[in-house]
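Participant: Hey, dropping data.txt in here, compact mmCIF, C-alpha atoms:
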# COMPACT_ATOMS: atom_id res chain seq x y z
CA MET O 1 41.61 -6.72 14.62
CA TRP O 2 42.03 -3.56 12.57
CA TRP O 3 45.82 -3.64 12.39
CA PHE O 4 45.77 -6.80 10.29
CA SER O 5 43.50 -5.36 7.64
CA LYS O 6 44.80 -3.37 4.71
CA GLY O 7 42.27 -0.55 5.09
CA THR O 8 42.58 2.46 7.30
CA ARG O 9 41.12 2.53 10.76
CA LYS O 10 37.77 4.28 11.05
CA GLU O 11 37.88 7.01 13.66
CA ILE O 12 34.99 7.85 15.98
CA TRP O 13 34.59 11.26 14.35
CA ASP O 14 34.23 9.65 10.92
CA GLU O 15 31.14 7.70 11.97
CA ASN O 16 27.86 8.98 10.59
CA ILE O 17 25.47 10.49 13.10
CA GLN O 18 21.80 9.73 12.74
CA TRP O 19 20.31 13.13 13.55
CA PRO O 20 18.55 14.14 15.66
CA ILE O 21 20.48 13.01 18.69
CA GLY O 22 19.88 14.33 22.16
CA ASP O 23 22.06 16.92 23.87
CA ILE O 24 23.46 14.40 26.33
CA GLU O 25 24.39 11.95 23.60
CA ALA O 26 26.01 14.78 21.62
CA ALA O 27 28.04 15.81 24.68
CA HIS O 28 29.14 12.19 25.19
CA ARG O 29 30.19 11.97 21.55
CA ILE O 30 32.24 15.17 21.86
CA ARG O 31 33.91 13.83 24.99
CA ASP O 32 34.75 10.57 23.20
CA ILE O 33 36.12 12.44 20.19
CA CYS O 34 38.30 14.67 22.37
CA ARG O 35 39.64 11.70 24.30
CA SER O 36 40.38 9.77 21.12
CA ALA O 37 42.18 12.69 19.50
CA ALA O 38 44.12 13.75 22.61
CA ASP O 39 47.19 11.72 21.67
CA SER O 40 47.33 13.32 18.22
CA ALA O 41 46.81 16.77 19.72
CA GLU O 42 49.71 16.26 22.12
CA LYS O 43 51.91 15.10 19.26
CA VAL O 44 50.89 18.12 17.17
CA GLY O 45 51.73 20.36 20.12
CA GLY O 46 55.21 18.86 20.23
CA PHE O 47 55.82 19.25 16.49
CA ALA O 48 56.49 22.97 16.66
CA ASP O 49 60.23 22.52 17.04
CA ARG O 50 60.59 19.57 14.64
CA PRO O 51 60.92 19.51 10.86
CA ALA O 52 57.85 18.54 8.85
CA SER O 53 57.32 14.87 8.07
CA LYS O 54 54.59 12.59 6.76
CA LYS O 55 53.79 11.35 10.29
CA ASN O 56 53.44 14.95 11.49
CA ASP O 57 51.00 15.64 8.65
CA HIS O 58 48.93 12.58 9.55
CA GLU O 59 48.70 13.57 13.22
CA THR O 60 47.86 17.18 12.34
CA GLU O 61 45.15 16.11 9.92
CA ARG O 62 43.74 13.67 12.49
CA TYR O 63 43.58 16.36 15.20
CA GLU O 64 42.02 18.93 12.85
CA ARG O 65 39.34 16.51 11.64
CA ALA O 66 38.44 15.56 15.20
CA ALA O 67 38.25 19.18 16.37
CA LYS O 68 36.14 20.17 13.36
CA VAL O 69 33.60 17.38 13.89
CA ALA O 70 33.43 18.09 17.63
CA MET O 71 32.72 21.77 16.93
CA GLU O 72 30.02 20.87 14.40
CA ILE O 73 28.30 18.68 16.98
CA ALA O 74 28.65 21.31 19.73
CA ILE O 75 26.87 23.92 17.62
CA LYS O 76 23.76 21.72 17.56
CA ILE O 77 23.50 21.32 21.36
CA SER O 78 20.55 23.37 22.56
CA ASP O 79 21.21 23.26 26.33
CA ASP O 80 23.54 26.18 27.15
CA LEU O 81 25.34 24.61 30.09
CA LEU O 82 25.85 21.29 28.32
CA ARG O 83 27.13 23.11 25.23
CA ASP O 84 29.56 25.15 27.34
CA SER O 85 30.84 21.99 28.99
CA ALA O 86 31.36 20.35 25.58
CA VAL O 87 33.12 23.44 24.22
CA ARG O 88 35.41 23.38 27.25
CA GLN O 89 36.52 19.88 26.27
CA ILE O 90 37.25 21.08 22.74
CA VAL O 91 39.26 24.00 24.20
CA ASP O 92 41.31 21.45 26.17
CA LEU O 93 41.95 19.53 22.95
CA CYS O 94 43.02 22.67 21.09
CA LEU O 95 45.39 23.71 23.85
CA LYS O 96 47.02 20.27 23.86
CA ALA O 97 47.80 20.93 20.20
CA ASN O 98 49.04 24.48 20.95
CA ASP O 99 46.23 25.82 18.75
CA LEU O 100 45.78 29.04 20.72
CA LYS O 101 43.86 30.85 17.99
CA THR O 102 41.05 28.27 17.91
CA ALA O 103 41.11 27.84 21.69
CA ARG O 104 40.62 31.59 22.23
CA ILE O 105 37.72 31.73 19.79
CA LEU O 106 36.03 28.77 21.47
CA PHE O 107 36.74 30.18 24.93
CA ARG O 108 34.83 33.35 24.03
CA ALA O 109 31.83 31.16 23.13
CA ILE O 110 31.60 29.79 26.68
CA GLN O 111 28.87 31.71 28.50
CA ALA O 112 28.70 29.97 31.89
CA VAL O 113 30.78 31.94 34.39
CA SER O 114 31.78 28.86 36.39
CA ILE O 115 33.09 27.06 33.31
CA ARG O 116 34.93 30.18 32.09
CA GLU O 117 36.62 30.55 35.48
CA ASP O 118 37.54 26.87 35.50
CA VAL O 119 39.14 27.18 32.06
CA LEU O 120 41.03 30.32 33.12
CA ASN O 121 42.32 28.57 36.23
CA ASP O 122 43.61 25.69 34.11
CA TYR O 123 44.90 27.86 31.24
CA PRO O 124 45.87 31.38 32.36
CA ILE O 125 47.25 32.05 28.86
CA LEU O 126 43.65 32.61 27.71
CA ARG O 127 43.39 35.75 29.87
CA GLN O 128 45.25 37.74 27.23
The structure given in the file should be rewritten as structure tokens.
Facilitator:
Amino acid sequence: MWWFSKGTRKEIWDENIQWPIGDIEAAHRIRDICRSAADSAEKVGGFADRPASKKNDHETERYERAAKVAMEIAIKISDDLLRDSAVRQIVDLCLKANDLKTARILFRAIQAVSIREDVLNDYPILRQ
């Protein structure tokens, strides 16, 4: 059990990837990363009205690392529709953290009309 050890817990996004991996496996990894970091993203989103603290810094750093690794994996997906679906999950993660700047940039990278419409239905703030 990791909580009894003195070391820090290894996150899913810190695991080394043996490239090349297939597009489907990459999409699954992005989904797992986004799900694992969702709690930190929600906490980061709620920090806007609170004073800075060490716990806030840890959660922010955890979210940012997860988002960065997910984006690096998404860039390497060759299938357009699968990549758009993975980017949509990263957009969800960014919006949970109230990171509108990154979410808008990633939203513009989505090319599939159906996925873009789905994101806009869920997050009308991206229409601006």
Participant: Of the candidates O:Leu81, O:Val87, O:Leu95, O:Cys34, which shows the shortest atom-to-atom distance to O:Ala109, using only C-alpha atoms?
Facilitator: O:Val87
Participant: Which of these, O:Glu11, O:Asp39, O:Asp32, O:Asp84, has the shortest distance to O:Lys96 once you count only C-alpha atoms?
Facilitator: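 Nearest candidate to O:Lys96 out of O:Glu11, O:Asp39, O:Asp32, O:Asp84: O:Asp39.
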Participant: Which residues are close to O:Tyr123, i.e. within 9 Å by all atoms listed in the file, leaving aside same-chain residues fewer than 4 positions away? Reply as a PyMOL selection string.
Facilitator: chain O and resi 92+95+118-119+127
Participant: Could you give me, as a list in words, the residues within 12 Å of O:Ile105, counting all atoms listed in the file and dropping anything in the same chain fewer than 2 positions from it?
Facilitator: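 Contacts, in chain order: Met71, Val87, Arg88, Ile90, Val91, Cys94, Leu95, Asp99, Leu100, Lys101, Thr102, Ala103, Phe107, Arg108, Ala109, Ile110 and Leu126 of chain O.
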Participant: With all atoms listed in the file as the basis for distance, which of O:Glu59, O:Arg65, O:Ala37, O:Gly22 is at the shortest distance from O:Asp79?
Facilitator: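 Smallest separation from O:Asp79 among the options: O:Gly22.
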